[in-house]
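Worksheet for the structure shown next.
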Amino acid sequence: MTFSVHGLAVSRGIAIGRAVLVASSRADVAHYFIDATKTAEEIQRLRVARDAVSEEITRVQRDLPKDAPHELSALLDVHLMLLQDEQLISGVKHWINDRLYNAEWALTTQYEIIARQFDDMEDEYLRERKADLEQVVERMLGFMKGVASPVLPTPSTGGRAPRQQDLLLDDTMDVPLVLVAHDISPADMLQFKQSLFVGFATDVGGRTSHTAIVARSLDIPAVVGARSASQLIEQDDWVIIDGDAGVLIVDPSPIILAEYGFKQRQGELERQRLNRLLNTPALTLDGQKVELLANIEMPDDTAGAVSVGAQGVGLFRSEFLFMGRSKLPDEQEQYLAYRKAVEGMKGLPVTIRTVDIGSDKPLDKLAGRTQDGQLNPALGLRAIRWSLADPPMFLTQLRAILRAAAHGPVHLLVPMLAHGSEIRHTLSLLDFARAELDNKGIAYGPVKLGAMIEIPAAALTLKLFLKYFDFLSIGTNDLIQYTLAIDRADEAVAHLYDPCHPAVLRLIADTIAECNAQGKGVSVCGEMAGDTSMTRLLLGMGLRSFSMHPSQILAVKQQVLRADTGKLQRWAQEVLASDEPAAML
Ligand code: PEP
Ligand code: MG
């Protein structure tokens, strides 16, 4: 039966595919298709893992001290029994043989199916056995992680639009897949960059949560904040993800499929039309030059930025080098990553933002610096506060950035500053990092210095900031969050997360005007910069530098080409004076 689930539209386009339900904790499990000739080997890999875990449990059981409670041994019996469970084994074989999933993916897929059955059980004792099954599966996954897969991943089908015949070929591996999860961390989302999924949907998250931002950077349709989607949708269901409307349509009828197939083709045509603007300079009708920059998460993203004609990187979120790993990157690793980004931009400037860890971008638990238990992480030890609290870590990053600046133009951007003391502390550490490099005779280059304006306190003390910095970059995602006291990652208050609130617009307009008056550079690097419905207003406020995901650059350029800044300037003043600015856009 067809039904729909509503959420928040975060990444445009239509995806049609079968649902793959992924538990948040297992998003980092490898997902790839194996070669059809290798299914026996893949099943053997699982068998080996199962036998090894069985042996381990048997050994532990044998070595239990005599006075160990009887329940302990009984529990291990349950684990041994679960390892032999027919439903688990036959299900896993099905995913490997019929769908060509790799062993880990097959195992977690089948686990999700059985776990749901446990959830539905009346009997509390039986319900609790889910935790045992989970432990057994975790052990097998752990074992397999340490064992190199004999089967190399085959190229994925990721990114391509599903063909109509895919929808008819029910049981082949060439079926497009959409990922459905309760939640996915930004770091795990990033792992899906090269993956086979053509769309994403999660239960939680707001439009500018970092998971949504990464989904947008993948440039495939995504919906977040879809509440109970991962409960309502079942493994293997056909799902349409409408990333423009923020809707999921489950088990669509042929008529609905045909309609969305049409929309999908329209979207594709629109993209092709936009591609024609690639070599057109970003000039307004009245001849104003507008700079269109790219936001990136990883050095390799520069290729995508260059391919759409980005004039530089306006925001390299360096924290993605730090997340999803057990050990923080050292100076050399960071230097090589920043240098790669600099070289990738072929002489165009790269704005590297110092690490913005915290809030919805936590470090891996194994990195030993978790911030569990912080009462309010968005207001806690995040971004520059976290960096200043750990000077050796921060100096390592500063040295790496300075060294990368020897290879091309680098701008150094500092996130979440609010206090004069933080500014001065940051600058003194930067001097210290330079002195350290001088003492060791290590080459480094000049950097332009910028501050993010993402806390209202910063937007209200611009003179202080402009005394120290060469340019400012407005982080509208956080500026909205902190101005309106709305958690940007919380779907429950997503309807109040309003980029057009008069207070937000006032802070943005004043920041742009003050920078322009003082001849300092100013750009917007929050999601607002890539939102085509805001381009005219930002131009009218005097903004001439926009930084966004590469996938948005041509669409924003189209708006720029149609704009007359003289007219927009007068109109923007009216919008700013209005009680209902959104109604005027
Ligand atoms: C912002 O806050 O607008 C911004 C660009 O930074 P981030 O989204 O990484 O917090
Ligand atoms: Mg921010």
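Each chain of the structure tokens is named A, B, ... in the order shown, its residues numbered from 1; ligands are numbered from 1 in display order.
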
Contacts between stretch 308-320 of chain A and stretch 376-401 of chain A, please, where a residue of stretch 376-401 of chain A counts if it comes within 12 Å (with only C-alpha atoms); show its shortest atom pair and distance in Å to one decimal, rows by chain and ascending number, as a Markdown table.
| residue | atom | partner | partner_atom | distance |
| --- | --- | --- | --- | --- |
| A:Arg382 | CA | A:Glu319 | CA | 11.2 |
| A:Ala383 | CA | A:Glu319 | CA | 9.1 |
| A:Ile384 | CA | A:Glu319 | CA | 11.5 |
| A:Trp386 | CA | A:Glu319 | CA | 11.7 |
| A:Ser387 | CA | A:Glu319 | CA | 11.1 |
| A:Phe394 | CA | A:Glu319 | CA | 11.9 |
| A:Gln397 | CA | A:Ser318 | CA | 9.5 |
| A:Leu398 | CA | A:Ser318 | CA | 11.5 |
| A:Ala400 | CA | A:Ser318 | CA | 11.4 |
| A:Ile401 | CA | A:Ser318 | CA | 10.2 |

Residues near A:Val410, cut-off 6 Å, only C-alpha atoms, skip fewer than 4 positions along chain, as a list in words
Pro349, Val350, Thr351, Ala405 and Val447 of chain A

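Those protein and nucleic acid residues that have any atom within 8 Å of ligand 2 are, using only C-alpha atoms and all ligand atoms, Asp356, Pro415, Met416, Met452, Glu454, Gly475, Thr476, Asn477, Asp478, Leu479 and Gly526 of chain A.
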
Serialized selection, all heavy atoms, as a tab-separated table (two decimals), in the first residue's frame:
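So out32.tsv came out as:
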chain	number	residue	atom	x	y	z
A	356	ASP	N	36.31	22.90	13.71
A	356	ASP	CA	35.04	23.26	14.37
A	356	ASP	C	34.41	21.98	14.92
A	356	ASP	O	33.38	21.51	14.45
A	356	ASP	CB	34.12	23.94	13.36
A	356	ASP	CG	32.77	24.37	13.97
A	356	ASP	OD1	32.58	24.19	15.19
A	356	ASP	OD2	31.91	24.86	13.22
A	415	PRO	N	36.51	29.92	13.40
A	415	PRO	CA	35.07	29.81	13.66
A	415	PRO	C	34.66	30.23	15.07
A	415	PRO	O	35.43	30.11	16.02
A	415	PRO	CB	34.82	28.29	13.51
A	415	PRO	CG	36.11	27.66	13.94
A	415	PRO	CD	37.21	28.63	13.58
A	416	MET	N	33.44	30.73	15.17
A	416	MET	CA	32.74	30.92	16.46
A	416	MET	C	33.41	31.85	17.45
A	416	MET	O	33.28	31.66	18.66
A	416	MET	CB	32.52	29.57	17.12
A	416	MET	CG	31.10	29.08	16.95
A	416	MET	SD	30.73	27.74	18.06
A	416	MET	CE	29.95	28.57	19.41
A	452	MET	N	34.80	34.05	11.36
A	452	MET	CA	33.41	33.73	11.06
A	452	MET	C	32.53	34.61	11.94
A	452	MET	O	32.81	34.80	13.12
A	452	MET	CB	33.09	32.27	11.42
A	452	MET	CG	33.87	31.23	10.69
A	452	MET	SD	33.13	30.64	9.18
A	452	MET	CE	31.52	30.10	9.60
A	454	GLU	N	29.18	34.22	13.37
A	454	GLU	CA	28.09	33.25	13.52
A	454	GLU	C	27.47	33.29	14.90
A	454	GLU	O	26.61	32.48	15.23
A	454	GLU	CB	28.55	31.83	13.14
A	454	GLU	CG	29.89	31.42	13.66
A	454	GLU	CD	30.41	30.11	13.06
A	454	GLU	OE1	29.69	29.41	12.35
A	454	GLU	OE2	31.58	29.80	13.33
A	475	GLY	N	28.58	32.98	8.88
A	475	GLY	CA	28.09	31.60	8.99
A	475	GLY	C	26.61	31.66	9.38
A	475	GLY	O	26.25	31.64	10.55
A	476	THR	N	25.79	31.73	8.36
A	476	THR	CA	24.36	31.94	8.66
A	476	THR	C	23.72	30.75	9.38
A	476	THR	O	22.77	30.92	10.13
A	476	THR	CB	23.58	32.22	7.35
A	476	THR	OG1	23.94	31.22	6.39
A	476	THR	CG2	23.90	33.59	6.81
A	477	ASN	N	24.28	29.55	9.18
A	477	ASN	CA	23.67	28.38	9.83
A	477	ASN	C	23.66	28.56	11.34
A	477	ASN	O	22.65	28.34	12.01
A	477	ASN	CB	24.46	27.10	9.49
A	477	ASN	CG	24.61	26.90	8.00
A	477	ASN	OD1	23.79	27.38	7.24
A	477	ASN	ND2	25.65	26.21	7.59
A	478	ASP	N	24.82	28.95	11.86
A	478	ASP	CA	24.89	29.15	13.31
A	478	ASP	C	24.33	30.51	13.72
A	478	ASP	O	23.76	30.64	14.81
A	478	ASP	CB	26.34	29.01	13.79
A	478	ASP	CG	26.72	27.55	13.95
A	478	ASP	OD1	25.91	26.80	14.54
A	478	ASP	OD2	27.79	27.14	13.47
A	479	LEU	N	24.50	31.49	12.85
A	479	LEU	CA	23.96	32.81	13.23
A	479	LEU	C	22.45	32.72	13.46
A	479	LEU	O	21.91	33.32	14.40
A	479	LEU	CB	24.29	33.84	12.13
A	479	LEU	CG	23.97	35.29	12.50
A	479	LEU	CD1	24.78	35.75	13.72
A	479	LEU	CD2	24.27	36.23	11.33
A	526	GLY	N	27.35	30.19	4.95
A	526	GLY	CA	26.31	29.29	5.45
A	526	GLY	C	25.43	28.84	4.31
A	526	GLY	O	25.60	29.29	3.15

Please produce, as CSV, a per-residue contact table for stretch 218-301 of chain A versus stretch 19-24 of chain A (criterion: any atom at most 12 Å away, only C-alpha atoms considered), showing the nearest atom pair and its distance in Å to one decimal, sorted by chain then residue number.
residue,atom,partner,partner_atom,distance
A:Ala229,CA,A:Leu21,CA,10.0
A:Ser230,CA,A:Leu21,CA,6.9
A:Gln231,CA,A:Leu21,CA,9.4
A:Leu232,CA,A:Leu21,CA,10.8
A:Ile233,CA,A:Ala19,CA,7.5
A:Glu234,CA,A:Ala19,CA,7.1
A:Gln235,CA,A:Ala19,CA,5.6
A:Asp236,CA,A:Ala19,CA,4.8
A:Asp237,CA,A:Ala19,CA,5.3
A:Trp238,CA,A:Ala19,CA,6.2
A:Val239,CA,A:Ala19,CA,6.3
A:Ile240,CA,A:Ala19,CA,9.4
A:Ile241,CA,A:Ala19,CA,10.2
A:Leu248,CA,A:Ala19,CA,11.0
A:Ile249,CA,A:Ala19,CA,11.2
A:Val250,CA,A:Ala19,CA,9.2
A:Asp251,CA,A:Ala19,CA,10.2

Just to confirm, what's the straight-line distance from atom CA of A:Gly267 to atom CA of A:Ala555 in Å (one decimal)?
12.4 Å

Per-residue nearest contacts of stretch 411-493 of chain A to stretch 509-524 of chain A (9 Å; only C-alpha atoms) as a Markdown table:
| residue | atom | partner | partner_atom | distance |
| --- | --- | --- | --- | --- |
| A:Gly450 | CA | A:Gly521 | CA | 8.9 |
| A:Ile453 | CA | A:Thr511 | CA | 8.3 |
| A:Ala459 | CA | A:Thr511 | CA | 6.2 |
| A:Leu460 | CA | A:Thr511 | CA | 8.4 |
| A:Leu462 | CA | A:Thr511 | CA | 7.0 |
| A:Lys463 | CA | A:Glu514 | CA | 8.2 |
| A:Leu466 | CA | A:Cys515 | CA | 7.7 |
| A:Phe469 | CA | A:Lys520 | CA | 8.6 |
| A:Asp470 | CA | A:Lys520 | CA | 6.2 |
| A:Phe471 | CA | A:Gly521 | CA | 4.5 |
| A:Leu472 | CA | A:Val522 | CA | 4.9 |
| A:Ser473 | CA | A:Ser523 | CA | 4.8 |
| A:Ile474 | CA | A:Val524 | CA | 4.6 |
| A:Gly475 | CA | A:Val524 | CA | 6.3 |
| A:Thr476 | CA | A:Val524 | CA | 7.1 |

Go through stretch 417-564 of chain A and collect every residue that DSSP, computed from the backbone, puts in helix (DSSP H, G or I); the answer should be as a tab-separated table (two decimals) with N, CA and C atoms, in the first residue's frame.
chain	number	residue	atom	x	y	z
A	420	GLY	N	36.87	39.49	22.49
A	420	GLY	CA	38.16	40.08	22.14
A	420	GLY	C	39.30	39.21	22.68
A	421	SER	N	39.11	38.65	23.87
A	421	SER	CA	40.19	37.83	24.45
A	421	SER	C	40.45	36.59	23.59
A	422	GLU	N	39.38	36.02	23.04
A	422	GLU	CA	39.57	34.85	22.17
A	422	GLU	C	40.35	35.24	20.91
A	423	ILE	N	40.01	36.41	20.38
A	423	ILE	CA	40.72	36.86	19.16
A	423	ILE	C	42.20	37.01	19.47
A	424	ARG	N	42.49	37.69	20.57
A	424	ARG	CA	43.90	37.95	20.88
A	424	ARG	C	44.65	36.64	21.18
A	425	HIS	N	44.00	35.76	21.90
A	425	HIS	CA	44.61	34.46	22.21
A	425	HIS	C	44.92	33.71	20.90
A	426	THR	N	43.95	33.71	19.97
A	426	THR	CA	44.14	33.01	18.70
A	426	THR	C	45.32	33.61	17.93
A	427	LEU	N	45.37	34.93	17.88
A	427	LEU	CA	46.43	35.57	17.11
A	427	LEU	C	47.79	35.33	17.74
A	428	SER	N	47.84	35.28	19.07
A	428	SER	CA	49.14	35.05	19.70
A	428	SER	C	49.60	33.61	19.43
A	429	LEU	N	48.65	32.67	19.38
A	429	LEU	CA	49.05	31.30	19.06
A	429	LEU	C	49.52	31.20	17.60
A	430	LEU	N	48.90	32.00	16.75
A	430	LEU	CA	49.33	32.00	15.34
A	430	LEU	C	50.77	32.52	15.24
A	431	ASP	N	51.06	33.59	15.98
A	431	ASP	CA	52.45	34.10	16.01
A	431	ASP	C	53.39	33.03	16.53
A	432	PHE	N	52.94	32.35	17.55
A	432	PHE	CA	53.78	31.31	18.17
A	432	PHE	C	54.06	30.19	17.16
A	433	ALA	N	53.00	29.82	16.40
A	433	ALA	CA	53.17	28.75	15.39
A	433	ALA	C	54.20	29.18	14.35
A	434	ARG	N	54.13	30.44	13.95
A	434	ARG	CA	55.11	30.94	12.95
A	434	ARG	C	56.53	30.87	13.54
A	435	ALA	N	56.63	31.29	14.83
A	435	ALA	CA	57.95	31.28	15.47
A	435	ALA	C	58.50	29.86	15.55
A	436	GLU	N	57.62	28.93	15.84
A	436	GLU	CA	58.08	27.52	15.91
A	436	GLU	C	58.64	27.07	14.56
A	437	LEU	N	57.91	27.43	13.49
A	437	LEU	CA	58.37	27.03	12.15
A	437	LEU	C	59.70	27.73	11.81
A	438	ASP	N	59.79	29.02	12.19
A	438	ASP	CA	61.04	29.75	11.96
A	438	ASP	C	62.20	29.04	12.66
A	439	ASN	N	61.98	28.70	13.92
A	439	ASN	CA	63.06	28.07	14.70
A	439	ASN	C	63.53	26.78	14.06
A	440	LYS	N	62.59	26.07	13.44
A	440	LYS	CA	62.98	24.78	12.83
A	440	LYS	C	63.39	24.95	11.37
A	456	PRO	N	25.59	36.18	17.45
A	456	PRO	CA	25.10	37.57	17.41
A	456	PRO	C	26.07	38.54	18.07
A	457	ALA	N	26.72	38.10	19.15
A	457	ALA	CA	27.66	38.99	19.84
A	457	ALA	C	28.75	39.47	18.89
A	458	ALA	N	29.16	38.60	17.99
A	458	ALA	CA	30.20	38.99	17.02
A	458	ALA	C	29.63	40.00	16.03
A	459	ALA	N	28.40	39.73	15.56
A	459	ALA	CA	27.78	40.63	14.57
A	459	ALA	C	27.51	42.00	15.18
A	462	LEU	N	31.30	44.43	15.38
A	462	LEU	CA	32.07	44.28	14.15
A	462	LEU	C	33.36	45.10	14.16
A	463	LYS	N	33.32	46.27	14.80
A	463	LYS	CA	34.51	47.13	14.78
A	463	LYS	C	35.68	46.40	15.41
A	464	LEU	N	35.38	45.68	16.49
A	464	LEU	CA	36.43	44.91	17.16
A	464	LEU	C	37.02	43.88	16.19
A	465	PHE	N	36.14	43.18	15.50
A	465	PHE	CA	36.61	42.14	14.58
A	465	PHE	C	37.41	42.73	13.42
A	466	LEU	N	36.92	43.85	12.92
A	466	LEU	CA	37.59	44.41	11.74
A	466	LEU	C	38.94	45.04	12.09
A	467	LYS	N	39.16	45.27	13.38
A	467	LYS	CA	40.46	45.77	13.82
A	467	LYS	C	41.54	44.69	13.60
A	468	TYR	N	41.13	43.45	13.75
A	468	TYR	CA	42.12	42.37	13.71
A	468	TYR	C	42.13	41.56	12.41
A	476	THR	N	25.79	31.73	8.36
A	476	THR	CA	24.36	31.94	8.66
A	476	THR	C	23.72	30.75	9.38
A	477	ASN	N	24.28	29.55	9.18
A	477	ASN	CA	23.67	28.38	9.83
A	477	ASN	C	23.66	28.56	11.34
A	478	ASP	N	24.82	28.95	11.86
A	478	ASP	CA	24.89	29.15	13.31
A	478	ASP	C	24.33	30.51	13.72
A	479	LEU	N	24.50	31.49	12.85
A	479	LEU	CA	23.96	32.81	13.23
A	479	LEU	C	22.45	32.72	13.46
A	480	ILE	N	21.77	31.94	12.63
A	480	ILE	CA	20.32	31.76	12.83
A	480	ILE	C	20.07	30.99	14.12
A	481	GLN	N	20.83	29.90	14.28
A	481	GLN	CA	20.66	29.06	15.48
A	481	GLN	C	20.83	29.88	16.77
A	482	TYR	N	21.89	30.70	16.81
A	482	TYR	CA	22.17	31.41	18.06
A	482	TYR	C	21.32	32.67	18.22
A	483	THR	N	20.87	33.23	17.12
A	483	THR	CA	20.02	34.43	17.25
A	483	THR	C	18.62	34.03	17.72
A	484	LEU	N	18.13	32.91	17.17
A	484	LEU	CA	16.74	32.52	17.46
A	484	LEU	C	16.63	31.47	18.56
A	491	GLU	N	14.73	18.52	14.56
A	491	GLU	CA	13.57	18.62	13.65
A	491	GLU	C	12.31	19.09	14.37
A	492	ALA	N	12.29	18.95	15.70
A	492	ALA	CA	11.09	19.35	16.44
A	492	ALA	C	10.86	20.86	16.39
A	493	VAL	N	11.95	21.62	16.22
A	493	VAL	CA	11.80	23.08	16.15
A	493	VAL	C	12.21	23.63	14.78
A	494	ALA	N	12.29	22.71	13.82
A	494	ALA	CA	12.76	23.12	12.48
A	494	ALA	C	11.86	24.19	11.87
A	495	HIS	N	10.58	24.18	12.20
A	495	HIS	CA	9.66	25.18	11.61
A	495	HIS	C	9.97	26.59	12.12
A	496	LEU	N	10.72	26.68	13.23
A	496	LEU	CA	11.05	28.01	13.76
A	496	LEU	C	12.45	28.48	13.33
A	502	PRO	N	13.44	38.88	10.87
A	502	PRO	CA	14.02	40.24	10.73
A	502	PRO	C	15.31	40.44	11.53
A	503	ALA	N	15.42	39.80	12.68
A	503	ALA	CA	16.65	39.97	13.48
A	503	ALA	C	17.85	39.36	12.77
A	504	VAL	N	17.64	38.21	12.15
A	504	VAL	CA	18.73	37.55	11.43
A	504	VAL	C	19.16	38.41	10.24
A	505	LEU	N	18.16	38.87	9.48
A	505	LEU	CA	18.48	39.68	8.29
A	505	LEU	C	19.21	40.97	8.69
A	506	ARG	N	18.80	41.54	9.80
A	506	ARG	CA	19.44	42.79	10.25
A	506	ARG	C	20.92	42.55	10.55
A	507	LEU	N	21.21	41.44	11.25
A	507	LEU	CA	22.62	41.15	11.60
A	507	LEU	C	23.45	40.91	10.33
A	508	ILE	N	22.87	40.21	9.38
A	508	ILE	CA	23.60	39.94	8.14
A	508	ILE	C	23.85	41.24	7.37
A	509	ALA	N	22.76	42.03	7.23
A	509	ALA	CA	22.88	43.28	6.45
A	509	ALA	C	23.90	44.21	7.07
A	510	ASP	N	23.89	44.33	8.40
A	510	ASP	CA	24.83	45.25	9.06
A	510	ASP	C	26.27	44.78	8.88
A	511	THR	N	26.47	43.47	8.95
A	511	THR	CA	27.84	42.95	8.78
A	511	THR	C	28.35	43.25	7.38
A	512	ILE	N	27.51	43.02	6.39
A	512	ILE	CA	27.93	43.28	5.00
A	512	ILE	C	28.23	44.78	4.83
A	513	ALA	N	27.31	45.61	5.34
A	513	ALA	CA	27.47	47.06	5.16
A	513	ALA	C	28.75	47.57	5.84
A	514	GLU	N	29.02	47.10	7.04
A	514	GLU	CA	30.20	47.57	7.77
A	514	GLU	C	31.50	47.17	7.04
A	515	CYS	N	31.53	45.94	6.56
A	515	CYS	CA	32.73	45.48	5.83
A	515	CYS	C	32.90	46.29	4.55
A	516	ASN	N	31.79	46.48	3.83
A	516	ASN	CA	31.89	47.26	2.59
A	516	ASN	C	32.37	48.68	2.89
A	517	ALA	N	31.85	49.27	3.97
A	517	ALA	CA	32.24	50.64	4.33
A	517	ALA	C	33.73	50.71	4.65
A	518	GLN	N	34.26	49.67	5.26
A	518	GLN	CA	35.69	49.69	5.65
A	518	GLN	C	36.58	49.07	4.57
A	527	GLU	N	24.49	27.97	4.60
A	527	GLU	CA	23.65	27.40	3.54
A	527	GLU	C	22.84	28.45	2.79
A	528	MET	N	22.65	29.61	3.42
A	528	MET	CA	21.90	30.68	2.77
A	528	MET	C	22.56	31.10	1.45
A	529	ALA	N	23.90	30.99	1.39
A	529	ALA	CA	24.62	31.42	0.18
A	529	ALA	C	24.25	30.56	-1.03
A	530	GLY	N	23.87	29.32	-0.79
A	530	GLY	CA	23.53	28.44	-1.92
A	530	GLY	C	22.04	28.32	-2.14
A	535	THR	N	19.38	34.72	-3.05
A	535	THR	CA	20.47	35.38	-3.78
A	535	THR	C	20.18	36.87	-4.00
A	536	ARG	N	18.99	37.18	-4.45
A	536	ARG	CA	18.67	38.58	-4.78
A	536	ARG	C	18.75	39.46	-3.54
A	537	LEU	N	18.23	38.93	-2.44
A	537	LEU	CA	18.25	39.73	-1.22
A	537	LEU	C	19.70	40.00	-0.76
A	538	LEU	N	20.52	38.97	-0.80
A	538	LEU	CA	21.92	39.15	-0.37
A	538	LEU	C	22.65	40.13	-1.30
A	539	LEU	N	22.36	40.03	-2.59
A	539	LEU	CA	22.96	41.00	-3.54
A	539	LEU	C	22.49	42.41	-3.21
A	540	GLY	N	21.21	42.52	-2.88
A	540	GLY	CA	20.64	43.84	-2.53
A	540	GLY	C	21.26	44.40	-1.26
A	550	PRO	N	29.51	23.06	-4.21
A	550	PRO	CA	29.71	23.18	-5.66
A	550	PRO	C	28.43	22.93	-6.45
A	551	SER	N	27.60	22.02	-5.98
A	551	SER	CA	26.40	21.67	-6.75
A	551	SER	C	25.43	22.85	-6.90
A	552	GLN	N	25.59	23.89	-6.09
A	552	GLN	CA	24.67	25.03	-6.15
A	552	GLN	C	25.20	26.19	-6.99
A	553	ILE	N	26.48	26.13	-7.33
A	553	ILE	CA	27.13	27.31	-7.91
A	553	ILE	C	26.44	27.79	-9.20
A	554	LEU	N	26.13	26.88	-10.09
A	554	LEU	CA	25.56	27.33	-11.37
A	554	LEU	C	24.14	27.88	-11.19
A	555	ALA	N	23.39	27.30	-10.27
A	555	ALA	CA	22.03	27.81	-10.04
A	555	ALA	C	22.09	29.22	-9.45
A	556	VAL	N	23.04	29.46	-8.56
A	556	VAL	CA	23.18	30.81	-7.99
A	556	VAL	C	23.68	31.78	-9.07
A	557	LYS	N	24.57	31.27	-9.92
A	557	LYS	CA	25.08	32.13	-11.00
A	557	LYS	C	23.91	32.60	-11.88
A	558	GLN	N	22.99	31.69	-12.14
A	558	GLN	CA	21.84	32.05	-12.97
A	558	GLN	C	21.08	33.23	-12.34
A	559	GLN	N	20.93	33.21	-11.03
A	559	GLN	CA	20.26	34.32	-10.34
A	559	GLN	C	21.05	35.62	-10.49
A	560	VAL	N	22.38	35.48	-10.34
A	560	VAL	CA	23.25	36.66	-10.44
A	560	VAL	C	23.09	37.30	-11.82
A	561	LEU	N	23.10	36.47	-12.86
A	561	LEU	CA	23.04	36.99	-14.24
A	561	LEU	C	21.75	37.76	-14.50

With distances taken over only C-alpha atoms and all ligand atoms, which of A:Gly445, A:Gly261, A:Gly206, A:Gly304 is nearest to ligand 1?
A:Gly206

May I ask for the distance between atom CA of A:Ala341 and atom CA of A:Leu402, given in Å to one decimal place?
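Between atom CA of A:Ala341 and atom CA of A:Leu402 the gap works out to 13.4 Å.
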
Suppose you want the space between atom CA of A:Ser533 and atom CA of A:Leu190; what is it in Å?
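Here the two named atoms are 26.8 Å from each other.
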
Nearby residues (only C-alpha atoms) at most 12 Å from A:Glu259, same-chain spacing under 5 positions excluded, as a ChimeraX atom specification
/A:14,16,240,242,252-254,264-266

Residue subset to file, keeping N, CA and C atoms, as an mmCIF file, in the first residue's frame:
data_model
loop_
_atom_site.group_PDB
_atom_site.id
_atom_site.type_symbol
_atom_site.label_atom_id
_atom_site.label_comp_id
_atom_site.auth_asym_id
_atom_site.auth_seq_id
_atom_site.Cartn_x
_atom_site.Cartn_y
_atom_site.Cartn_z
ATOM 1 N N ILE A 14 15.026 13.958 -7.353
ATOM 2 C CA ILE A 14 14.180 12.806 -7.064
ATOM 3 C C ILE A 14 15.040 11.548 -7.131
ATOM 4 N N ILE A 16 14.713 7.259 -6.806
ATOM 5 C CA ILE A 16 13.779 6.141 -6.696
ATOM 6 C C ILE A 16 14.611 4.885 -6.513
ATOM 7 N N ILE A 240 10.357 6.489 -3.045
ATOM 8 C CA ILE A 240 10.719 7.677 -3.821
ATOM 9 C C ILE A 240 11.151 8.729 -2.803
ATOM 10 N N ASP A 242 11.687 12.525 -2.560
ATOM 11 C CA ASP A 242 11.511 13.804 -3.241
ATOM 12 C C ASP A 242 12.271 14.858 -2.432
ATOM 13 N N PRO A 252 5.302 3.024 -4.054
ATOM 14 C CA PRO A 252 4.480 3.838 -4.969
ATOM 15 C C PRO A 252 3.773 2.998 -6.036
ATOM 16 N N SER A 253 2.608 3.472 -6.429
ATOM 17 C CA SER A 253 1.858 2.791 -7.489
ATOM 18 C C SER A 253 2.507 3.135 -8.834
ATOM 19 N N PRO A 254 2.205 2.376 -9.888
ATOM 20 C CA PRO A 254 2.809 2.667 -11.206
ATOM 21 C C PRO A 254 2.553 4.098 -11.667
ATOM 22 N N GLN A 264 11.894 13.499 -12.516
ATOM 23 C CA GLN A 264 13.322 13.212 -12.483
ATOM 24 C C GLN A 264 13.993 13.658 -13.795
ATOM 25 N N ARG A 265 13.332 13.356 -14.896
ATOM 26 C CA ARG A 265 13.903 13.733 -16.196
ATOM 27 C C ARG A 265 13.919 15.251 -16.357
ATOM 28 N N GLN A 266 12.856 15.908 -15.847
ATOM 29 C CA GLN A 266 12.823 17.375 -15.901
ATOM 30 C C GLN A 266 14.014 17.963 -15.143
#

Have a look at A:Asp364, A:Asp487, A:Asp300, A:Glu580 and name the one nearest to ligand 1; count only C-alpha atoms and all ligand atoms.
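Ranking A:Asp364, A:Asp487, A:Asp300, A:Glu580 by distance to ligand 1, first place goes to A:Asp487.
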
Out of stretch 545-583 of chain A, which residues get strand (DSSP E or B) from DSSP, as a PyMOL selection string?
chain A and resi 545-548

Save out the residues we just selected, all heavy atoms, as a compact mmCIF listing (two decimals), in the first residue's frame.
# COMPACT_ATOMS: atom_id res chain seq x y z
N SER A 545 30.23 38.17 -2.51
CA SER A 545 30.99 36.92 -2.42
C SER A 545 30.15 35.87 -1.71
O SER A 545 29.72 36.06 -0.56
CB SER A 545 32.29 37.17 -1.64
OG SER A 545 32.97 35.96 -1.45
N PHE A 546 29.89 34.77 -2.41
CA PHE A 546 29.01 33.70 -1.90
C PHE A 546 29.81 32.40 -1.88
O PHE A 546 30.44 32.06 -2.89
CB PHE A 546 27.81 33.48 -2.85
CG PHE A 546 26.87 34.65 -2.97
CD1 PHE A 546 27.26 35.85 -3.53
CD2 PHE A 546 25.54 34.52 -2.55
CE1 PHE A 546 26.38 36.92 -3.67
CE2 PHE A 546 24.64 35.57 -2.68
CZ PHE A 546 25.06 36.79 -3.24
N SER A 547 29.74 31.65 -0.79
CA SER A 547 30.43 30.36 -0.76
C SER A 547 29.43 29.26 -0.44
O SER A 547 28.71 29.34 0.57
CB SER A 547 31.56 30.38 0.28
OG SER A 547 32.34 29.23 0.12
N MET A 548 29.42 28.21 -1.26
CA MET A 548 28.35 27.20 -1.16
C MET A 548 28.85 25.86 -1.68
O MET A 548 29.96 25.77 -2.24
CB MET A 548 27.16 27.64 -2.00
CG MET A 548 27.47 27.62 -3.48
SD MET A 548 26.47 28.73 -4.45
CE MET A 548 27.40 30.26 -4.33
